[in-house]
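*Asks:* My questions will all concern the structure given below.
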Amino acid sequence: MFIDRTKIHVSGGHGGNGVTAFRREKFVPRGGPSGGDGGRGGDVWIVADASLNTLLHLRYNPEHVAGRGMHGEGSNRSGREGQDAIVRVPVGTQIFDSGTNELLRDFDDDASRWLAARGGRGGFGNAHFATSTNRAPRYHQEGSPGEEFELQLELKLLADVGLVGFPNAGKSTFISTISAARPKIADYPFTTLEPHLGVVDLGDFRTFVVADIPGLIEGAHEGHGLGDRFLRHVERTKLLLHLVDVSSSSGRDPVSDYEVINRELAAYDLRLGSREQFVVATKIDALDEADGLRNLQERAGQDARPFFAISSVTGVGVRELITAIGRELDQIRGSSVHRQTREPGEQLLLGSGNSRF
């Protein structure tokens, strides 16, 4: 089951108490205080793990509590520190404060760590309070509780290319043709109910990742159909493939479908609406009249967007499209590296530290 939203409760371990104790040894008539300090409570760390692709394991395990520190003992022995709790999340997970909805951390790198809740401080034993004027203190300090937080986790899949379009536009068939992904494929709307990732091999050890999300319909930003909640999985993509069904059996106007989806993208996020986009006419093997295909090509030309016509079933045009995608991604990555080289002083505000403080 694909779960991309869940809440968890994290709690640092309670610090151990100090202890009041005195030395009782033969030939040491005034042994003095010997109460040790309590151990510090464990911390809760959230760690990105590239082997995970869903938050399902956290949906049914929402409580994460670190180990408490042990109490101090006599003979100036300090208590053992509590064990840290490790919460593993997929790369692409965002952490929000469930109360204020403030973004606390964005995990966009594998193995990155973030301190979610600190453990409590251990209390001092009475040996800690001994002074020249108070040589036998008969009191100690209690340990402090660990931090507790309610966190909202949201997963944004990391992919190079995102597939968008109406339901039944051929997105799942396309991703199953170009990669090893095997989403459910059927001849009815909303066959795809959850996002899928596929890795495409370009040869020479070059690959890119494609994300297939459930189809959009008009009014998706208002919650129609499956809504636009899955669009966040293509927010970080470098390139969008806008698949439009031009087959005669669909009974739809390709130009109208193209414009509706672009309006929904812009309504969700203006940056996503202006993202680099390839317009792809699908199911040309079932095309009886060329008017729809020609009109869609002209409309894409008005927006200065590259146009491709393919059939995922017969393979017509697929190789040319994959080659163009690889070339476009190389250019985007190259320009990104160039910008980073020109502006070395720029730093990301999110994810630069390991703590919420």
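Each chain in the structure tokens gets a letter, A, B and so on, in the order shown; residues start at 1 in every chain, and ligands are counted from 1 in the order they appear.
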Quick one: residues within 12 Å of Asp212 in chain A, only C-alpha atoms, excluding same-chain residues fewer than 2 positions away - as a ChimeraX atom specification?
*Replies:* /A:157-167,169-176,179,181-184,191-199,209-210,214-216,230-234,237,240-243
*Asks:* DSSP on the backbone, then: every residue of range 30-94 of chain A marked strand (DSSP E or B), written as a list in words.
*Replies:* Pro33, Val44, Trp45, Ile46, Val47, Ala48, Asp49, Glu63, His64, Val65, Glu73, Arg77, Ala85, Ile86, Val87, Arg88, Val89, Pro90, Thr93 and Gln94 of chain A
*Asks:* Hey, what's within 8 Å of range 91-95 of chain A if we count only C-alpha atoms and toss same-chain stuff fewer than 4 positions away? As a PyMOL selection string, please?
*Replies:* chain A and resi 48-50+52-53+103-110+151-158
*Asks:* Taking 6 positions as the minimum chain separation for residues in the same chain, which residues sit within 10 Å of range 20-23 of chain A when counting only C-alpha atoms? Answer as a PyMOL selection string.
*Replies:* chain A and resi 29-37+72-76+124-127+136-141
*Asks:* Which range 1-30 of chain A residues have any atom within 8 Å of an atom of range 55-64 of chain A, and for each, what is the nearest pair of atoms with distance in Å to one decimal, counting only C-alpha atoms, rows sorted by chain and number, as a Markdown table?
*Replies:*
```
| residue | atom | partner | partner_atom | distance |
| --- | --- | --- | --- | --- |
| A:Met1 | CA | A:Leu56 | CA | 6.9 |
| A:Phe2 | CA | A:Leu56 | CA | 6.6 |
| A:Ile3 | CA | A:Leu55 | CA | 5.1 |
| A:Asp4 | CA | A:Leu55 | CA | 5.7 |
| A:Arg5 | CA | A:Leu55 | CA | 6.9 |
| A:Thr6 | CA | A:Arg59 | CA | 5.8 |
| A:Lys7 | CA | A:Pro62 | CA | 6.7 |
| A:Ile8 | CA | A:Pro62 | CA | 4.4 |
| A:His9 | CA | A:Glu63 | CA | 5.1 |
| A:Val10 | CA | A:His64 | CA | 4.9 |
| A:Ser11 | CA | A:His64 | CA | 6.3 |
```
*Asks:* Provide the CA of Ser311 in chain A to CA of Ser248 in chain A distance in Å, to one decimal place.
*Replies:* 13.6 Å
*Asks:* Extract, using only C-alpha atoms, all DNA, RNA and protein residues at most 10 Å from Ile322 in chain A, discarding same-chain residues fewer than 3 positions from it, and format them as an MDAnalysis selection string.
*Replies:* chainID A and resid 178 200:202 208 317:319 325:328
